[in-house]
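Asks: If it helps, the file is called protein00.csv and holds CSV, C-alpha atoms:
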chain,number,residue,atom,x,y,z
A,1,MET,CA,28.0,-5.5,-2.0
A,2,LYS,CA,26.6,-8.1,-4.3
A,3,ILE,CA,23.7,-7.9,-6.8
A,4,TYR,CA,21.8,-10.9,-8.1
A,5,LYS,CA,19.0,-10.7,-10.6
A,6,GLN,CA,16.6,-13.3,-12.1
A,7,LYS,CA,13.6,-12.9,-14.5
A,8,ILE,CA,10.7,-15.3,-13.7
A,9,GLU,CA,8.0,-16.1,-16.3
A,10,LEU,CA,4.4,-16.9,-15.6
A,11,GLN,CA,1.1,-17.4,-17.4
A,12,THR,CA,-2.0,-15.5,-16.2
A,13,THR,CA,-5.4,-17.0,-16.9
A,14,THR,CA,-8.0,-14.3,-16.0
A,15,GLN,CA,-8.5,-10.6,-16.6
A,16,ILE,CA,-7.7,-9.6,-13.0
A,17,GLU,CA,-5.6,-12.1,-11.0
A,18,PHE,CA,-3.6,-12.0,-7.8
A,19,ILE,CA,-0.8,-14.6,-8.1
A,20,ASP,CA,1.2,-15.3,-4.9
A,21,ILE,CA,4.8,-15.2,-5.9
A,22,THR,CA,6.3,-15.2,-2.3
A,23,GLN,CA,7.9,-18.6,-2.6
A,24,LYS,CA,9.4,-17.8,-6.0
A,25,VAL,CA,11.0,-14.7,-4.5
A,26,GLU,CA,12.3,-16.6,-1.5
A,27,ALA,CA,13.9,-19.2,-3.9
A,28,VAL,CA,15.7,-16.4,-5.7
A,29,ILE,CA,17.0,-14.9,-2.4
A,30,GLU,CA,18.3,-18.4,-1.4
A,31,SER,CA,20.0,-18.8,-4.8
A,32,SER,CA,21.6,-15.4,-4.4
A,33,GLY,CA,23.5,-16.3,-1.3
A,34,ILE,CA,22.8,-12.8,0.1
A,35,ARG,CA,22.0,-12.8,3.8
A,36,GLU,CA,21.6,-9.1,4.6
A,37,GLY,CA,20.1,-6.5,2.2
A,38,GLN,CA,17.0,-6.1,0.2
A,39,VAL,CA,15.0,-7.6,-2.6
A,40,LEU,CA,13.2,-5.7,-5.3
A,41,VAL,CA,10.3,-7.3,-7.2
A,42,PHE,CA,9.5,-5.4,-10.4
A,43,SER,CA,7.0,-5.9,-13.2
A,44,GLN,CA,8.0,-4.4,-16.6
A,45,HIS,CA,4.4,-4.4,-17.8
A,46,THR,CA,2.1,-1.3,-17.8
A,47,THR,CA,-1.0,-3.4,-17.1
A,48,SER,CA,0.2,-5.4,-14.1
A,49,GLY,CA,1.6,-4.6,-10.7
A,50,ILE,CA,3.3,-5.9,-7.6
A,51,ALA,CA,1.6,-5.7,-4.2
A,52,ILE,CA,2.1,-6.9,-0.7
A,53,ASN,CA,-0.9,-8.0,1.4
A,54,HIS,CA,-2.6,-10.9,3.1
A,55,ASN,CA,-3.3,-14.0,1.0
A,56,GLU,CA,-6.8,-14.8,2.0
A,57,ALA,CA,-9.4,-15.8,-0.6
A,58,MET,CA,-12.2,-13.6,0.5
A,59,LEU,CA,-9.9,-10.6,0.8
A,60,ILE,CA,-8.6,-11.2,-2.7
A,61,GLN,CA,-12.2,-11.0,-3.9
A,62,ASP,CA,-12.5,-7.7,-2.1
A,63,PHE,CA,-9.4,-6.4,-3.8
A,64,MET,CA,-10.7,-7.4,-7.2
A,65,ARG,CA,-14.2,-5.9,-6.5
A,66,THR,CA,-12.5,-2.6,-5.3
A,67,LEU,CA,-10.4,-2.4,-8.4
A,68,TYR,CA,-13.4,-2.9,-10.7
A,69,ARG,CA,-15.4,-0.3,-8.7
A,70,ILE,CA,-12.7,2.3,-8.7
A,71,VAL,CA,-11.8,1.7,-12.4
A,72,PRO,CA,-14.7,0.1,-14.2
A,73,VAL,CA,-14.2,-1.7,-17.5
A,74,SER,CA,-17.3,-0.1,-18.9
A,75,ASP,CA,-16.0,3.5,-18.5
A,76,ARG,CA,-14.7,5.4,-21.5
A,77,TYR,CA,-10.9,5.5,-21.8
A,78,SER,CA,-9.1,7.7,-24.3
A,79,HIS,CA,-6.4,5.0,-24.6
A,80,ASP,CA,-9.0,2.7,-26.2
A,81,LEU,CA,-9.7,5.1,-29.1
A,82,PHE,CA,-6.8,3.8,-31.2
A,83,GLU,CA,-8.3,5.1,-34.4
A,84,LEU,CA,-7.8,8.7,-33.2
A,85,ASN,CA,-4.1,8.1,-32.6
A,86,ARG,CA,-2.5,6.6,-35.7
A,87,ALA,CA,0.9,6.4,-34.0
A,88,VAL,CA,-0.4,3.5,-31.8
A,89,THR,CA,-1.3,0.1,-33.0
A,90,SER,CA,-3.8,-2.0,-31.1
A,91,ASP,CA,-3.2,-5.6,-30.0
A,92,GLY,CA,-6.9,-6.0,-30.1
A,93,ARG,CA,-7.5,-5.2,-26.5
A,94,SER,CA,-9.4,-2.2,-25.1
A,95,ASN,CA,-7.3,-2.0,-22.0
A,96,GLY,CA,-7.3,1.6,-20.8
A,97,HIS,CA,-8.9,0.4,-17.6
A,98,SER,CA,-6.0,-2.0,-17.0
A,99,HIS,CA,-3.4,0.8,-17.3
A,100,CYS,CA,-5.4,2.9,-14.8
A,101,LYS,CA,-5.7,0.0,-12.3
A,102,ALA,CA,-1.9,-0.7,-12.6
A,103,ILE,CA,-1.0,2.9,-11.8
A,104,LEU,CA,-2.9,2.6,-8.5
A,105,LEU,CA,-0.8,-0.4,-7.4
A,106,GLY,CA,2.6,0.4,-8.8
A,107,ALA,CA,5.2,-1.7,-10.6
A,108,SER,CA,7.4,-2.8,-7.7
A,109,GLN,CA,7.9,-3.6,-4.0
A,110,THR,CA,11.1,-3.7,-2.0
A,111,VAL,CA,11.5,-5.9,1.1
A,112,PRO,CA,14.4,-6.0,3.6
A,113,ILE,CA,16.3,-9.2,3.9
A,114,GLU,CA,17.7,-10.3,7.3
A,115,LYS,CA,19.5,-13.6,7.9
A,116,GLY,CA,18.7,-14.7,4.4
A,117,LYS,CA,14.9,-14.3,4.8
A,118,MET,CA,12.5,-11.6,3.8
A,119,ASP,CA,11.3,-9.4,6.7
A,120,LEU,CA,7.6,-10.0,5.9
A,121,SER,CA,5.1,-10.7,8.7
A,122,GLN,CA,3.2,-14.0,8.8
A,123,LYS,CA,0.2,-12.4,7.1
A,124,GLN,CA,2.1,-10.7,4.2
A,125,SER,CA,2.6,-12.2,0.8
A,126,ILE,CA,3.9,-10.8,-2.4
A,127,PHE,CA,1.5,-10.8,-5.4
A,128,PHE,CA,2.0,-10.4,-9.1
A,129,VAL,CA,-1.3,-8.6,-10.0
A,130,GLU,CA,-2.5,-9.1,-13.5
A,131,MET,CA,-5.0,-6.5,-14.8
A,132,ASP,CA,-5.1,-7.4,-18.5
A,133,GLY,CA,-5.0,-11.2,-18.7
A,134,SER,CA,-4.7,-13.8,-19.8
A,135,ARG,CA,-1.2,-13.3,-21.0
A,136,LYS,CA,2.4,-14.6,-20.8
A,137,ARG,CA,4.1,-12.4,-18.3
A,138,ASP,CA,7.4,-12.1,-16.4
A,139,TYR,CA,8.8,-10.1,-13.4
A,140,ILE,CA,12.3,-9.3,-12.2
A,141,VAL,CA,13.6,-10.2,-8.8
A,142,GLN,CA,16.8,-8.3,-7.8
A,143,VAL,CA,18.6,-9.1,-4.6
A,144,ILE,CA,21.1,-6.6,-3.3
A,145,GLY,CA,23.3,-7.0,-0.2
A,146,LEU,CA,26.0,-9.0,1.5
Written as structure tokens, how would this file's structure read?

Replies:
Amino acid sequence: MKIYKQKIELQTTTQIEFIDITQKVEAVIESSGIREGQVLVFSQHTTSGIAINHNEAMLIQDFMRTLYRIVPVSDRYSHDLFELNRAVTSDGRSNGHSHCKAILLGASQTVPIEKGKMDLSQKQSIFFVEMDGSRKRDYIVQVIGL
């Protein structure tokens, strides 16, 4: 059993952004030399997530509209009331909504690897989903197998 790990940096540009990272993940798998196993893609940030879905522009607009509808920016979030909790220092962002969006998506996805390739369908892509941009971000790709 072999384990190969790489951290990949990226820069987001908008508050909510779906960034297709499929090719970056494929490159890490190729570098790993692992032919059979699985790949884990993980975000260490509490206001971003990892998702698998179809990379189609109108559908991505639907995803963003749905996230805004389910977790509106204009709602009141206790997290945003920093003055009530002196133990937390604000970075200047009222981002309770971003944390709530992130918990809906989750921080990671795992995909099987067969013959050195991810077992994704033609319609599936892996996305880094920013919900509190623009920011400098990173994610971890860990490949496990033989």

Asks: Which distance in Å separates atom CA of A:Met1 and atom CA of A:Thr22, to one decimal?

Replies: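 Here the two named atoms are 23.8 Å from each other.
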
Asks: If we count only C-alpha atoms, what is near A:Met64 at a cut-off of 9 Å, once residues fewer than 4 positions away on the same chain are taken out, given as a PyMOL selection string?

Replies: chain A and resi 16-18+59-60+68-69

Asks: Could those selected residues go to a file with C-alpha atoms, as a PDB file, in the frame of the given file?

Replies:
ATOM      1  CA  ILE A  16      -7.700  -9.600 -13.000  1.00  0.00           C
ATOM      2  CA  GLU A  17      -5.600 -12.100 -11.000  1.00  0.00           C
ATOM      3  CA  PHE A  18      -3.600 -12.000  -7.800  1.00  0.00           C
ATOM      4  CA  LEU A  59      -9.900 -10.600   0.800  1.00  0.00           C
ATOM      5  CA  ILE A  60      -8.600 -11.200  -2.700  1.00  0.00           C
ATOM      6  CA  TYR A  68     -13.400  -2.900 -10.700  1.00  0.00           C
ATOM      7  CA  ARG A  69     -15.400  -0.300  -8.700  1.00  0.00           C
TER       8      ARG A  69
END

Asks: Calculated over all atoms listed in the file, which of the candidates A:Ser98, A:Asn55, A:Ser48, A:Thr110 has the smallest distance to A:Tyr77?

Replies: A:Ser98

Asks: Near stretch 27-33 of chain A, within 8 Å and counting only C-alpha atoms, which residues show up once chain neighbours fewer than 2 positions away are dropped, as a list in words?

Replies: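 So, after excluding close chain neighbours, the residues are Tyr4, Gln6, Gln23, Lys24, Val25, Arg35, Val39, Gly116, Lys117, Val141 and Val143 of chain A.
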
Asks: In Å, with one decimal, what is the gap from atom CA of A:Arg93 to atom CA of A:Gln11?

Replies: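 Atom-to-atom, atom CA of A:Arg93 to atom CA of A:Gln11, that is 17.5 Å.
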
Asks: Mind pulling up the distance from atom CA of A:Ile70 to atom CA of A:Gln109?

Replies: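 These atoms are spaced 21.9 Å apart.
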
Asks: Write out as a PyMOL selection string which residues come within 7 Å of A:Ile50 when counting all atoms listed in the file, dropping same-chain ones fewer than 2 positions away.

Replies: chain A and resi 42-43+105-109+127-129

Asks: Here's a test: counting only C-alpha atoms, identify every protein, DNA and RNA residue with an atom at most 7 Å from (6.8, -7.4, -17.6) in the file's coordinate frame, and state them as a ChimeraX atom specification.

Replies: /A:43-45,137-139

Asks: Could you save those same residues with C-alpha atoms as a PDB file, keeping the file's coordinate frame?

Replies:
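Final output, saved to result.pdb:
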ATOM      1  CA  SER A  43       7.000  -5.900 -13.200  1.00  0.00           C
ATOM      2  CA  GLN A  44       8.000  -4.400 -16.600  1.00  0.00           C
ATOM      3  CA  HIS A  45       4.400  -4.400 -17.800  1.00  0.00           C
ATOM      4  CA  ARG A 137       4.100 -12.400 -18.300  1.00  0.00           C
ATOM      5  CA  ASP A 138       7.400 -12.100 -16.400  1.00  0.00           C
ATOM      6  CA  TYR A 139       8.800 -10.100 -13.400  1.00  0.00           C
TER       7      TYR A 139
END

Asks: Under the rule that only C-alpha atoms are counted, which of A:Asn53, A:Asn95, A:Thr66, A:Gln142 is the nearest residue to A:Ile19?

Replies: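 Between A:Asn53, A:Asn95, A:Thr66, A:Gln142, the residue approaching A:Ile19 most closely is A:Asn53.
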
Asks: Using all atoms listed in the file, which of A:Val41, A:Ala51, A:Ile126, A:Val73 sits nearest A:Gln15?

Replies: A:Val73

Asks: Neighbours of A:Thr47 within 9 Å (all atoms listed in the file; same-chain residues fewer than 2 positions away dropped), as a list in words?

Replies: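 Contacts, in chain order: His45, Gly49, Asn95, Gly96, His97, Ser98, His99, Cys100, Lys101, Ala102, Ile103, Val129, Glu130, Met131, Asp132 and Gly133 of chain A.
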
Asks: Smallest atom-to-atom distance to A:Gly145: which of A:Leu104, A:Ile21, A:Leu40, A:Val71, using only C-alpha atoms?

Replies: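 Going through A:Leu104, A:Ile21, A:Leu40, A:Val71 one by one, the smallest distance to A:Gly145 is for A:Leu40.
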